[in-house]
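*Asks:* What follows is the file input.pdb, containing PDB, C-alpha atoms, pLDDT in the B column:
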MODEL        1
ATOM      1  CA  MET A   1     -42.566 -16.244   3.053  1.00 42.00           C
ATOM      2  CA  ARG A   2     -44.261 -13.024   2.001  1.00 50.00           C
ATOM      3  CA  SER A   3     -46.736 -13.166   4.889  1.00 51.00           C
ATOM      4  CA  ILE A   4     -43.840 -13.593   7.312  1.00 47.00           C
ATOM      5  CA  LEU A   5     -41.494 -10.926   5.988  1.00 50.00           C
ATOM      6  CA  VAL A   6     -43.593  -8.196   4.379  1.00 50.00           C
ATOM      7  CA  ALA A   7     -43.211  -5.007   6.424  1.00 49.00           C
ATOM      8  CA  ASP A   8     -46.732  -3.580   6.302  1.00 54.00           C
ATOM      9  CA  LYS A   9     -47.647  -3.553   9.984  1.00 58.00           C
ATOM     10  CA  PRO A  10     -47.094  -0.820  12.603  1.00 59.00           C
ATOM     11  CA  GLY A  11     -43.719  -1.238  14.269  1.00 62.00           C
ATOM     12  CA  ALA A  12     -42.437  -3.618  11.602  1.00 62.00           C
ATOM     13  CA  THR A  13     -38.645  -3.816  11.295  1.00 71.00           C
ATOM     14  CA  ARG A  14     -36.923  -3.072   8.000  1.00 77.00           C
ATOM     15  CA  TRP A  15     -34.752  -5.916   6.747  1.00 81.00           C
ATOM     16  CA  ALA A  16     -32.265  -6.194   3.898  1.00 84.00           C
ATOM     17  CA  GLU A  17     -30.670  -8.893   1.778  1.00 82.00           C
ATOM     18  CA  LYS A  18     -27.428  -8.548  -0.183  1.00 82.00           C
ATOM     19  CA  LEU A  19     -27.242 -10.507  -3.430  1.00 78.00           C
ATOM     20  CA  ALA A  20     -24.926 -10.482  -6.422  1.00 75.00           C
ATOM     21  CA  ALA A  21     -25.747 -11.268 -10.065  1.00 71.00           C
ATOM     22  CA  GLN A  22     -29.490 -11.389  -9.359  1.00 81.00           C
ATOM     23  CA  TRP A  23     -30.831  -8.515 -11.455  1.00 85.00           C
ATOM     24  CA  ARG A  24     -33.261 -10.794 -13.303  1.00 86.00           C
ATOM     25  CA  ASP A  25     -35.016 -11.539 -10.008  1.00 89.00           C
ATOM     26  CA  ILE A  26     -35.799  -7.897  -9.218  1.00 93.00           C
ATOM     27  CA  PRO A  27     -39.350  -8.038 -10.699  1.00 94.00           C
ATOM     28  CA  VAL A  28     -40.113 -11.182  -8.675  1.00 92.00           C
ATOM     29  CA  PHE A  29     -38.916  -9.507  -5.483  1.00 91.00           C
ATOM     30  CA  LEU A  30     -40.933  -6.345  -6.119  1.00 94.00           C
ATOM     31  CA  GLU A  31     -44.049  -8.384  -6.834  1.00 93.00           C
ATOM     32  CA  MET A  32     -43.561 -10.515  -3.733  1.00 91.00           C
ATOM     33  CA  PHE A  33     -43.022  -7.459  -1.525  1.00 90.00           C
ATOM     34  CA  PRO A  34     -45.278  -4.545  -2.594  1.00 90.00           C
ATOM     35  CA  HIS A  35     -43.353  -2.160  -0.321  1.00 89.00           C
ATOM     36  CA  GLY A  36     -39.952  -3.596  -1.179  1.00 93.00           C
ATOM     37  CA  GLN A  37     -37.188  -1.432  -2.597  1.00 95.00           C
ATOM     38  CA  VAL A  38     -34.016  -2.281  -4.502  1.00 96.00           C
ATOM     39  CA  ILE A  39     -30.627  -0.566  -4.293  1.00 96.00           C
ATOM     40  CA  HIS A  40     -28.485  -1.644  -7.236  1.00 96.00           C
ATOM     41  CA  ILE A  41     -24.789  -0.740  -7.200  1.00 95.00           C
ATOM     42  CA  VAL A  42     -22.910  -0.529 -10.493  1.00 95.00           C
ATOM     43  CA  ARG A  43     -19.130  -0.836 -10.653  1.00 94.00           C
ATOM     44  CA  ASP A  44     -16.653  -0.290 -13.472  1.00 96.00           C
ATOM     45  CA  PRO A  45     -16.851  -3.615 -15.391  1.00 96.00           C
ATOM     46  CA  ARG A  46     -13.070  -3.635 -15.769  1.00 96.00           C
ATOM     47  CA  ASP A  47     -12.640  -3.554 -11.991  1.00 94.00           C
ATOM     48  CA  VAL A  48     -15.312  -6.224 -11.581  1.00 92.00           C
ATOM     49  CA  THR A  49     -13.404  -8.434 -14.011  1.00 93.00           C
ATOM     50  CA  ALA A  50     -10.056  -7.696 -12.339  1.00 92.00           C
ATOM     51  CA  SER A  51     -11.521  -8.641  -8.963  1.00 88.00           C
ATOM     52  CA  TYR A  52     -13.074 -11.844 -10.285  1.00 88.00           C
ATOM     53  CA  LYS A  53      -9.824 -12.708 -12.057  1.00 89.00           C
ATOM     54  CA  LYS A  54      -7.953 -12.499  -8.760  1.00 86.00           C
ATOM     55  CA  MET A  55     -10.386 -14.409  -6.560  1.00 82.00           C
ATOM     56  CA  THR A  56     -11.762 -17.121  -8.841  1.00 79.00           C
ATOM     57  CA  TYR A  57     -10.426 -20.595  -9.474  1.00 75.00           C
ATOM     58  CA  GLU A  58     -11.778 -20.459 -13.007  1.00 80.00           C
ATOM     59  CA  PRO A  59      -9.010 -20.738 -15.611  1.00 83.00           C
ATOM     60  CA  TRP A  60      -8.222 -18.119 -18.206  1.00 87.00           C
ATOM     61  CA  PRO A  61     -10.177 -16.958 -20.176  1.00 88.00           C
ATOM     62  CA  THR A  62     -13.491 -18.179 -18.701  1.00 87.00           C
ATOM     63  CA  TYR A  63     -13.400 -15.595 -15.897  1.00 88.00           C
ATOM     64  CA  LEU A  64     -13.859 -12.880 -18.543  1.00 91.00           C
ATOM     65  CA  ASP A  65     -17.527 -13.878 -18.453  1.00 89.00           C
ATOM     66  CA  ALA A  66     -17.732 -11.285 -15.659  1.00 91.00           C
ATOM     67  CA  ALA A  67     -17.999  -8.680 -18.425  1.00 93.00           C
ATOM     68  CA  LEU A  68     -21.215 -10.271 -19.692  1.00 92.00           C
ATOM     69  CA  ASN A  69     -22.726 -10.195 -16.209  1.00 90.00           C
ATOM     70  CA  CYS A  70     -21.884  -6.490 -15.975  1.00 93.00           C
ATOM     71  CA  LYS A  71     -23.396  -5.910 -19.408  1.00 94.00           C
ATOM     72  CA  GLY A  72     -26.621  -7.612 -18.410  1.00 92.00           C
ATOM     73  CA  ALA A  73     -27.005  -5.610 -15.222  1.00 93.00           C
ATOM     74  CA  MET A  74     -26.168  -2.258 -16.833  1.00 95.00           C
ATOM     75  CA  VAL A  75     -28.711  -2.895 -19.589  1.00 93.00           C
ATOM     76  CA  GLU A  76     -31.564  -4.448 -17.613  1.00 93.00           C
ATOM     77  CA  VAL A  77     -31.663  -2.580 -14.291  1.00 95.00           C
ATOM     78  CA  PRO A  78     -32.200   0.904 -15.823  1.00 96.00           C
ATOM     79  CA  LYS A  79     -35.071  -0.606 -17.845  1.00 96.00           C
ATOM     80  CA  LEU A  80     -36.575  -2.043 -14.669  1.00 96.00           C
ATOM     81  CA  GLN A  81     -36.196   1.327 -12.964  1.00 97.00           C
ATOM     82  CA  LYS A  82     -38.253   2.958 -15.728  1.00 97.00           C
ATOM     83  CA  ILE A  83     -40.939   0.280 -15.381  1.00 97.00           C
ATOM     84  CA  HIS A  84     -41.207   0.204 -11.586  1.00 97.00           C
ATOM     85  CA  GLY A  85     -40.189   3.783 -10.794  1.00 97.00           C
ATOM     86  CA  GLU A  86     -37.307   5.539  -9.078  1.00 97.00           C
ATOM     87  CA  ASN A  87     -39.127   5.214  -5.765  1.00 96.00           C
ATOM     88  CA  ARG A  88     -38.613   1.441  -5.903  1.00 97.00           C
ATOM     89  CA  ILE A  89     -35.222   1.043  -7.602  1.00 97.00           C
ATOM     90  CA  LEU A  90     -32.173   3.183  -6.821  1.00 98.00           C
ATOM     91  CA  ILE A  91     -29.010   2.848  -8.925  1.00 97.00           C
ATOM     92  CA  LEU A  92     -25.664   3.968  -7.489  1.00 97.00           C
ATOM     93  CA  ARG A  93     -22.032   3.737  -8.569  1.00 96.00           C
ATOM     94  CA  ALA A  94     -19.595   1.954  -6.268  1.00 92.00           C
ATOM     95  CA  GLU A  95     -16.984   4.600  -7.023  1.00 92.00           C
ATOM     96  CA  SER A  96     -19.340   7.379  -5.906  1.00 93.00           C
ATOM     97  CA  LEU A  97     -19.993   5.573  -2.635  1.00 90.00           C
ATOM     98  CA  ALA A  98     -16.265   5.393  -1.972  1.00 87.00           C
ATOM     99  CA  LEU A  99     -15.525   8.996  -2.937  1.00 89.00           C
ATOM    100  CA  ASP A 100     -18.521  10.627  -1.242  1.00 92.00           C
ATOM    101  CA  LEU A 101     -19.987   8.223   1.285  1.00 91.00           C
ATOM    102  CA  PRO A 102     -21.953  10.902   3.219  1.00 94.00           C
ATOM    103  CA  GLY A 103     -23.533  12.253   0.037  1.00 96.00           C
ATOM    104  CA  GLU A 104     -24.461   8.811  -1.274  1.00 96.00           C
ATOM    105  CA  MET A 105     -25.814   7.731   2.111  1.00 95.00           C
ATOM    106  CA  ARG A 106     -28.087  10.778   2.088  1.00 96.00           C
ATOM    107  CA  LYS A 107     -29.429   9.594  -1.281  1.00 97.00           C
ATOM    108  CA  ILE A 108     -30.037   6.140   0.153  1.00 96.00           C
ATOM    109  CA  CYS A 109     -31.815   7.499   3.228  1.00 95.00           C
ATOM    110  CA  GLN A 110     -33.997   9.763   1.107  1.00 96.00           C
ATOM    111  CA  PHE A 111     -34.842   6.799  -1.130  1.00 97.00           C
ATOM    112  CA  LEU A 112     -35.763   4.631   1.869  1.00 94.00           C
ATOM    113  CA  GLY A 113     -37.577   7.387   3.728  1.00 93.00           C
ATOM    114  CA  GLU A 114     -35.209   7.059   6.661  1.00 91.00           C
ATOM    115  CA  PRO A 115     -33.505   9.899   8.580  1.00 92.00           C
ATOM    116  CA  TYR A 116     -29.825  10.476   7.836  1.00 94.00           C
ATOM    117  CA  VAL A 117     -27.366  10.528  10.730  1.00 92.00           C
ATOM    118  CA  ASP A 118     -23.615  11.070  10.505  1.00 92.00           C
ATOM    119  CA  GLU A 119     -22.874   7.631  11.955  1.00 89.00           C
ATOM    120  CA  LEU A 120     -24.092   6.056   8.714  1.00 89.00           C
ATOM    121  CA  ALA A 121     -21.032   7.426   6.901  1.00 88.00           C
ATOM    122  CA  ASP A 122     -18.493   6.868   9.681  1.00 87.00           C
ATOM    123  CA  LEU A 123     -16.411   3.823   8.718  1.00 81.00           C
ATOM    124  CA  ASP A 124     -14.978   3.611  12.234  1.00 82.00           C
ATOM    125  CA  ARG A 125     -18.460   2.782  13.512  1.00 83.00           C
ATOM    126  CA  PHE A 126     -19.057  -0.014  11.015  1.00 81.00           C
ATOM    127  CA  SER A 127     -19.127  -3.548  12.405  1.00 78.00           C
ATOM    128  CA  ASP A 128     -19.814  -7.020  11.082  1.00 75.00           C
ATOM    129  CA  ILE A 129     -22.538  -9.429  12.174  1.00 74.00           C
ATOM    130  CA  LYS A 130     -20.404 -10.470  15.161  1.00 79.00           C
ATOM    131  CA  GLY A 131     -19.987  -6.874  16.303  1.00 81.00           C
ATOM    132  CA  GLU A 132     -16.316  -6.840  15.330  1.00 81.00           C
ATOM    133  CA  ALA A 133     -14.602  -4.067  13.360  1.00 78.00           C
ATOM    134  CA  TRP A 134     -15.758  -4.054   9.739  1.00 73.00           C
ATOM    135  CA  ARG A 135     -13.288  -4.963   7.015  1.00 71.00           C
ATOM    136  CA  THR A 136     -13.811  -4.300   3.335  1.00 68.00           C
ATOM    137  CA  ASN A 137     -14.929  -7.233   1.229  1.00 64.00           C
ATOM    138  CA  THR A 138     -12.314  -7.167  -1.504  1.00 68.00           C
ATOM    139  CA  SER A 139     -10.241  -9.582  -3.531  1.00 71.00           C
ATOM    140  CA  PHE A 140      -7.120  -7.496  -2.976  1.00 70.00           C
ATOM    141  CA  ASP A 141      -6.862  -6.930   0.781  1.00 64.00           C
ATOM    142  CA  ASP A 142      -8.928  -7.042   3.946  1.00 54.00           C
ATOM    143  CA  THR A 143      -8.376  -3.514   5.222  1.00 58.00           C
ATOM    144  CA  ARG A 144     -10.204  -0.275   4.511  1.00 59.00           C
ATOM    145  CA  GLU A 145      -7.159   1.982   4.298  1.00 57.00           C
ATOM    146  CA  ASN A 146      -7.737   2.715   0.614  1.00 56.00           C
ATOM    147  CA  TYR A 147     -11.533   2.593   0.649  1.00 59.00           C
ATOM    148  CA  ASN A 148     -12.059   6.318   0.118  1.00 58.00           C
ATOM    149  CA  ALA A 149      -9.496   6.503  -2.674  1.00 59.00           C
ATOM    150  CA  ALA A 150     -11.713   4.441  -5.001  1.00 63.00           C
ATOM    151  CA  ALA A 151      -8.668   3.986  -7.211  1.00 74.00           C
ATOM    152  CA  PRO A 152      -9.301   1.694 -10.196  1.00 85.00           C
ATOM    153  CA  ARG A 153      -7.240  -1.482 -10.100  1.00 87.00           C
ATOM    154  CA  TRP A 154      -7.883  -2.825 -13.573  1.00 93.00           C
ATOM    155  CA  GLN A 155      -4.900  -0.994 -15.123  1.00 92.00           C
ATOM    156  CA  ASN A 156      -2.546  -3.117 -13.024  1.00 90.00           C
ATOM    157  CA  HIS A 157      -4.486  -6.389 -13.044  1.00 91.00           C
ATOM    158  CA  LEU A 158      -5.952  -6.812 -16.531  1.00 94.00           C
ATOM    159  CA  ASP A 159      -3.925  -7.565 -19.633  1.00 94.00           C
ATOM    160  CA  PRO A 160      -4.532  -5.202 -22.590  1.00 94.00           C
ATOM    161  CA  GLU A 161      -6.531  -7.818 -24.500  1.00 94.00           C
ATOM    162  CA  GLU A 162      -8.717  -8.424 -21.430  1.00 95.00           C
ATOM    163  CA  THR A 163      -9.356  -4.702 -21.052  1.00 96.00           C
ATOM    164  CA  PHE A 164     -10.208  -4.438 -24.745  1.00 94.00           C
ATOM    165  CA  LEU A 165     -12.681  -7.312 -24.515  1.00 94.00           C
ATOM    166  CA  VAL A 166     -14.487  -5.901 -21.463  1.00 96.00           C
ATOM    167  CA  GLU A 167     -14.797  -2.490 -23.098  1.00 96.00           C
ATOM    168  CA  LEU A 168     -15.969  -4.045 -26.365  1.00 94.00           C
ATOM    169  CA  ILE A 169     -18.759  -5.917 -24.577  1.00 94.00           C
ATOM    170  CA  CYS A 170     -19.805  -3.229 -22.103  1.00 95.00           C
ATOM    171  CA  GLN A 171     -20.063  -0.193 -24.361  1.00 91.00           C
ATOM    172  CA  PRO A 172     -22.073   2.000 -24.704  1.00 94.00           C
ATOM    173  CA  GLU A 173     -23.340   1.306 -21.173  1.00 95.00           C
ATOM    174  CA  MET A 174     -19.938   2.083 -19.645  1.00 96.00           C
ATOM    175  CA  ALA A 175     -20.114   5.577 -21.109  1.00 96.00           C
ATOM    176  CA  ASP A 176     -23.721   5.948 -19.924  1.00 95.00           C
ATOM    177  CA  PHE A 177     -22.530   5.337 -16.364  1.00 96.00           C
ATOM    178  CA  GLY A 178     -19.554   7.683 -16.704  1.00 95.00           C
ATOM    179  CA  TYR A 179     -16.737   5.175 -17.211  1.00 96.00           C
ATOM    180  CA  GLN A 180     -14.182   6.358 -19.755  1.00 94.00           C
ATOM    181  CA  GLY A 181     -12.589   3.975 -22.222  1.00 94.00           C
ATOM    182  CA  SER A 182      -8.898   3.142 -22.112  1.00 94.00           C
ATOM    183  CA  GLY A 183      -8.244   4.193 -25.701  1.00 93.00           C
ATOM    184  CA  LEU A 184      -6.480   0.918 -26.491  1.00 92.00           C
ATOM    185  CA  ASP A 185      -5.385   0.477 -30.098  1.00 89.00           C
ATOM    186  CA  ILE A 186      -6.612  -2.922 -31.302  1.00 87.00           C
ATOM    187  CA  THR A 187      -3.744  -3.144 -33.795  1.00 88.00           C
ATOM    188  CA  THR A 188      -1.292  -3.371 -30.891  1.00 90.00           C
ATOM    189  CA  LEU A 189      -3.018  -6.336 -29.234  1.00 91.00           C
ATOM    190  CA  PRO A 190      -1.732  -9.924 -29.572  1.00 90.00           C
ATOM    191  CA  ILE A 191      -3.999 -11.585 -32.142  1.00 90.00           C
ATOM    192  CA  ASP A 192      -3.281 -15.088 -30.848  1.00 92.00           C
ATOM    193  CA  ARG A 193      -4.532 -14.142 -27.393  1.00 91.00           C
ATOM    194  CA  LEU A 194      -7.735 -12.642 -28.806  1.00 90.00           C
ATOM    195  CA  GLN A 195      -8.282 -15.782 -30.882  1.00 91.00           C
ATOM    196  CA  GLU A 196      -7.808 -17.914 -27.784  1.00 92.00           C
ATOM    197  CA  ILE A 197     -10.392 -15.863 -25.877  1.00 92.00           C
ATOM    198  CA  PHE A 198     -13.047 -16.072 -28.583  1.00 91.00           C
ATOM    199  CA  GLY A 199     -12.215 -19.733 -29.168  1.00 92.00           C
ATOM    200  CA  ASP A 200     -12.837 -20.748 -25.558  1.00 90.00           C
ATOM    201  CA  PRO A 201     -15.956 -22.998 -25.605  1.00 90.00           C
ATOM    202  CA  TRP A 202     -17.475 -21.625 -22.405  1.00 86.00           C
ATOM    203  CA  PHE A 203     -16.904 -17.959 -23.109  1.00 88.00           C
ATOM    204  CA  SER A 204     -17.886 -18.208 -26.781  1.00 90.00           C
ATOM    205  CA  SER A 205     -21.150 -19.988 -25.885  1.00 90.00           C
ATOM    206  CA  ARG A 206     -22.076 -17.250 -23.411  1.00 89.00           C
ATOM    207  CA  LEU A 207     -21.142 -14.530 -25.885  1.00 90.00           C
ATOM    208  CA  SER A 208     -23.108 -16.261 -28.663  1.00 92.00           C
ATOM    209  CA  HIS A 209     -26.178 -16.438 -26.414  1.00 89.00           C
ATOM    210  CA  TYR A 210     -25.962 -12.693 -25.859  1.00 89.00           C
ATOM    211  CA  LEU A 211     -25.510 -11.929 -29.567  1.00 89.00           C
ATOM    212  CA  VAL A 212     -28.449 -14.161 -30.542  1.00 91.00           C
ATOM    213  CA  HIS A 213     -30.905 -13.308 -27.762  1.00 88.00           C
ATOM    214  CA  GLY A 214     -29.766  -9.806 -26.813  1.00 84.00           C
ATOM    215  CA  GLN A 215     -29.516 -10.747 -23.130  1.00 82.00           C
ATOM    216  CA  PRO A 216     -26.483 -12.139 -21.286  1.00 82.00           C
ATOM    217  CA  ILE A 217     -26.994 -15.170 -19.067  1.00 79.00           C
ATOM    218  CA  GLN A 218     -27.151 -14.227 -15.390  1.00 81.00           C
ATOM    219  CA  GLY A 219     -24.565 -15.826 -13.111  1.00 77.00           C
ATOM    220  CA  TYR A 220     -21.239 -17.599 -13.445  1.00 74.00           C
ATOM    221  CA  ARG A 221     -20.160 -21.115 -14.362  1.00 72.00           C
ATOM    222  CA  THR A 222     -18.663 -21.744 -10.938  1.00 66.00           C
ATOM    223  CA  ASP A 223     -21.056 -22.174  -8.034  1.00 59.00           C
ATOM    224  CA  PRO A 224     -19.040 -20.385  -5.308  1.00 53.00           C
ATOM    225  CA  TYR A 225     -20.418 -22.621  -2.572  1.00 52.00           C
ATOM    226  CA  LYS A 226     -20.056 -25.989  -4.292  1.00 59.00           C
ATOM    227  CA  THR A 227     -16.742 -25.370  -6.021  1.00 54.00           C
ATOM    228  CA  GLU A 228     -14.683 -22.639  -4.415  1.00 50.00           C
ATOM    229  CA  MET A 229     -15.786 -23.426  -0.869  1.00 53.00           C
ATOM    230  CA  GLU A 230     -14.833 -27.055  -1.442  1.00 60.00           C
ATOM    231  CA  ILE A 231     -11.375 -25.806  -2.344  1.00 54.00           C
ATOM    232  CA  VAL A 232     -11.191 -23.685   0.804  1.00 53.00           C
ATOM    233  CA  PHE A 233     -12.471 -26.508   3.041  1.00 56.00           C
ATOM    234  CA  ALA A 234     -10.774 -29.336   1.147  1.00 55.00           C
ATOM    235  CA  THR A 235     -10.414 -32.886   2.462  1.00 45.00           C
ATOM    236  CA  ASP A 236      -7.850 -35.497   1.536  1.00 41.00           C
ATOM    237  CA  SER A 237      -8.573 -39.032   0.336  1.00 37.00           C
ATOM    238  CA  GLN A 238      -9.072 -40.207   3.945  1.00 43.00           C
ATOM    239  CA  GLY A 239     -11.576 -37.430   4.618  1.00 41.00           C
ATOM    240  CA  ALA A 240      -9.219 -35.439   6.829  1.00 44.00           C
ATOM    241  CA  ALA A 241      -9.229 -31.690   6.440  1.00 45.00           C
ATOM    242  CA  THR A 242      -6.299 -30.268   4.522  1.00 44.00           C
ATOM    243  CA  SER A 243      -4.973 -26.762   4.930  1.00 40.00           C
ATOM    244  CA  ASN A 244      -5.942 -24.356   2.192  1.00 39.00           C
ATOM    245  CA  GLN A 245      -2.479 -22.882   2.646  1.00 39.00           C
ATOM    246  CA  SER A 246      -1.090 -25.930   0.854  1.00 38.00           C
ATOM    247  CA  ARG A 247      -3.361 -25.395  -2.128  1.00 38.00           C
ATOM    248  CA  ARG A 248      -2.543 -22.810  -4.723  1.00 39.00           C
ATOM    249  CA  LYS A 249      -4.745 -20.943  -7.118  1.00 44.00           C
ATOM    250  CA  PRO A 250      -4.396 -22.500 -10.579  1.00 42.00           C
ATOM    251  CA  SER A 251      -2.482 -20.462 -13.105  1.00 41.00           C
ATOM    252  CA  ARG A 252      -3.814 -19.637 -16.539  1.00 41.00           C
ATOM    253  CA  LYS A 253      -2.110 -22.717 -17.944  1.00 40.00           C
ATOM    254  CA  ASP A 254      -3.555 -25.134 -15.344  1.00 39.00           C
TER     255      ASP A 254
ENDMDL
END
Could the structure of this file be written out as structure tokens, please?

*Replies:*
Amino acid sequence: MRSILVADKPGATRWAEKLAAQWRDIPVFLEMFPHGQVIHIVRDPRDVTASYKKMTYEPWPTYLDAALNCKGAMVEVPKLQKIHGENRILILRAESLALDLPGEMRKICQFLGEPYVDELADLDRFSDIKGEAWRTNTSFDDTRENYNAAAPRWQNHLDPEETFLVELICQPEMADFGYQGSGLDITTLPIDRLQEIFGDPWFSSRLSHYLVHGQPIQGYRTDPYKTEMEIVFATDSQGAATSNQSRRKPSRKD
């Protein structure tokens, strides 16, 4: 694979791969590709959790494991950047990309050693792999009307106890990346809901692993391809395809 893809010959074409929840594999990638570079994008963990809450078929409260994935990335990637150098790992904030796309694209081009052109920050010129107009990849809509607003959604999509839990797990790294806390008063939170969260077998096992080993487990319980794609492309008992319109996302009580 390395001999096929490594770009070390005159006229070689730069290629890129987009992956999520793969920060532990960064050292392997950099070793495999001596000229390879990594661009890691950090997002407010509360918005990550709100997005995962909306799109996943995981029941409550297991989807709160998204906070542990954010914690792992925010802790480990800066360490890797110090080890491998800022010329090989660039860390950006998703919110900064949305608010100042031209400025952030200039950073990316400088990092990659590529010339910056205005088209790189012109959303109207973006297209997908089929050459069709690009649409944002979001759990909330498929348009880009609000892309530049970068407005946080977690206030309207996370319950107070969920917000408290994410902030509890992801501090002080949230502050290090410039994300301000909500200022929630723990005495106002429903104790029974907090007990239910910490009593969930899946979530408590992942949290215990982090507390014991100091490193969250990378990834999620649900394999998106095997589980959620089976829901999207479901078949009935006779093997005939069924419409995903007839299937609903399970509620918290399902």

*Asks:* Report the residues retrieved by the PyMOL selection byres ((chain A and resi 47) around 9) from the displayed file, expressed as a PDB file with C-alpha atoms, in the coordinates of the input.

*Replies:*
ATOM      1  CA  ARG A  43     -19.130  -0.836 -10.653  1.00 94.00           C
ATOM      2  CA  ASP A  44     -16.653  -0.290 -13.472  1.00 96.00           C
ATOM      3  CA  PRO A  45     -16.851  -3.615 -15.391  1.00 96.00           C
ATOM      4  CA  ARG A  46     -13.070  -3.635 -15.769  1.00 96.00           C
ATOM      5  CA  VAL A  48     -15.312  -6.224 -11.581  1.00 92.00           C
ATOM      6  CA  THR A  49     -13.404  -8.434 -14.011  1.00 93.00           C
ATOM      7  CA  ALA A  50     -10.056  -7.696 -12.339  1.00 92.00           C
ATOM      8  CA  SER A  51     -11.521  -8.641  -8.963  1.00 88.00           C
ATOM      9  CA  TYR A  52     -13.074 -11.844 -10.285  1.00 88.00           C
ATOM     10  CA  PRO A 152      -9.301   1.694 -10.196  1.00 85.00           C
ATOM     11  CA  ARG A 153      -7.240  -1.482 -10.100  1.00 87.00           C
ATOM     12  CA  TRP A 154      -7.883  -2.825 -13.573  1.00 93.00           C
ATOM     13  CA  GLN A 155      -4.900  -0.994 -15.123  1.00 92.00           C
ATOM     14  CA  HIS A 157      -4.486  -6.389 -13.044  1.00 91.00           C
ATOM     15  CA  LEU A 158      -5.952  -6.812 -16.531  1.00 94.00           C
TER      16      LEU A 158
END

*Asks:* Leaving out Leu80 (chain A) and any residue of its chain fewer than 2 positions from it, which residues lie within 10 Å of it when counting only C-alpha atoms, given as an mmCIF file with C-alpha atoms, in the frame of the given file?

*Replies:*
data_model
loop_
_atom_site.group_PDB
_atom_site.id
_atom_site.type_symbol
_atom_site.label_atom_id
_atom_site.label_comp_id
_atom_site.auth_asym_id
_atom_site.auth_seq_id
_atom_site.Cartn_x
_atom_site.Cartn_y
_atom_site.Cartn_z
ATOM 1 C CA TRP A 23 -30.831 -8.515 -11.455
ATOM 2 C CA ARG A 24 -33.261 -10.794 -13.303
ATOM 3 C CA ILE A 26 -35.799 -7.897 -9.218
ATOM 4 C CA PRO A 27 -39.350 -8.038 -10.699
ATOM 5 C CA VAL A 75 -28.711 -2.895 -19.589
ATOM 6 C CA GLU A 76 -31.564 -4.448 -17.613
ATOM 7 C CA VAL A 77 -31.663 -2.580 -14.291
ATOM 8 C CA PRO A 78 -32.200 0.904 -15.823
ATOM 9 C CA LYS A 82 -38.253 2.958 -15.728
ATOM 10 C CA ILE A 83 -40.939 0.280 -15.381
ATOM 11 C CA HIS A 84 -41.207 0.204 -11.586
ATOM 12 C CA GLY A 85 -40.189 3.783 -10.794
ATOM 13 C CA GLU A 86 -37.307 5.539 -9.078
ATOM 14 C CA ARG A 88 -38.613 1.441 -5.903
ATOM 15 C CA ILE A 89 -35.222 1.043 -7.602
#

*Asks:* So how many Å separate CA of Ser139 (chain A) and CA of Leu68 (chain A), to one decimal?

*Replies:*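 Taking CA of Ser139 (chain A) as the start and CA of Leu68 (chain A) as the end point, the length is 19.5 Å.
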
*Asks:* For a quick check of your reading of the model, name the residues lying within 12 Å of the coordinate (-26.5, 8.1, 1.9), counting all atoms listed in the file, and write them as a list in words.

*Replies:* Ile39, Leu90, Leu92, Ser96, Leu97, Ala98, Asp100, Leu101, Pro102, Gly103, Glu104, Met105, Arg106, Lys107, Ile108, Cys109, Gln110, Phe111, Leu112, Gly113, Glu114, Pro115, Tyr116, Val117, Asp118, Glu119, Leu120, Ala121 and Asp122 of chain A

*Asks:* Would you mind telling me which residue in A:Leu64, A:Ile217, A:Ala151, A:Cys170 lies nearest to Ala94 (chain A) when using all atoms listed in the file?

*Replies:*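 That would be A:Ala151, the residue with the smallest distance to Ala94 (chain A).
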
*Asks:* Quick one: of A:Pro190, A:Pro201, A:Ala73, A:Asn87, who's nearest to Phe177 (chain A), counting all atoms listed in the file?

*Replies:* A:Ala73

*Asks:* One decimal, in Å: what's the spacing between CA of Glu161 (chain A) and CA of Leu19 (chain A)?

*Replies:* 29.7 Å

*Asks:* Mind giving me the axis-aligned box for region 102-108 of chain A with 3 Å on every side, centre plus edges in Å to one decimal, as AutoDock Vina command-line options?

*Replies:*
--center_x -26.0 --center_y 9.2 --center_z 1.0 --size_x 14.1 --size_y 12.1 --size_z 10.5

*Asks:* Hey, can you check how far CA of Ile41 (chain A) sits from CA of Phe29 (chain A)?

*Replies:* 16.7 Å

*Asks:* On this file, the PyMOL selection byres ((chain A and resi 218) around 10) gives some set of residues; write that set as an MDAnalysis selection string.

*Replies:* chainID A and resid 20:25 66 68:73 206 215:217 219:221

*Asks:* Keeping only C-alpha atoms, write the selected residues to a file as a PDB file, in the frame of the given file.

*Replies:*
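Result went into selection.pdb, see below:
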ATOM      1  CA  ALA A  20     -24.926 -10.482  -6.422  1.00 75.00           C
ATOM      2  CA  ALA A  21     -25.747 -11.268 -10.065  1.00 71.00           C
ATOM      3  CA  GLN A  22     -29.490 -11.389  -9.359  1.00 81.00           C
ATOM      4  CA  TRP A  23     -30.831  -8.515 -11.455  1.00 85.00           C
ATOM      5  CA  ARG A  24     -33.261 -10.794 -13.303  1.00 86.00           C
ATOM      6  CA  ASP A  25     -35.016 -11.539 -10.008  1.00 89.00           C
ATOM      7  CA  ALA A  66     -17.732 -11.285 -15.659  1.00 91.00           C
ATOM      8  CA  LEU A  68     -21.215 -10.271 -19.692  1.00 92.00           C
ATOM      9  CA  ASN A  69     -22.726 -10.195 -16.209  1.00 90.00           C
ATOM     10  CA  CYS A  70     -21.884  -6.490 -15.975  1.00 93.00           C
ATOM     11  CA  LYS A  71     -23.396  -5.910 -19.408  1.00 94.00           C
ATOM     12  CA  GLY A  72     -26.621  -7.612 -18.410  1.00 92.00           C
ATOM     13  CA  ALA A  73     -27.005  -5.610 -15.222  1.00 93.00           C
ATOM     14  CA  ARG A 206     -22.076 -17.250 -23.411  1.00 89.00           C
ATOM     15  CA  GLN A 215     -29.516 -10.747 -23.130  1.00 82.00           C
ATOM     16  CA  PRO A 216     -26.483 -12.139 -21.286  1.00 82.00           C
ATOM     17  CA  ILE A 217     -26.994 -15.170 -19.067  1.00 79.00           C
ATOM     18  CA  GLY A 219     -24.565 -15.826 -13.111  1.00 77.00           C
ATOM     19  CA  TYR A 220     -21.239 -17.599 -13.445  1.00 74.00           C
ATOM     20  CA  ARG A 221     -20.160 -21.115 -14.362  1.00 72.00           C
TER      21      ARG A 221
END
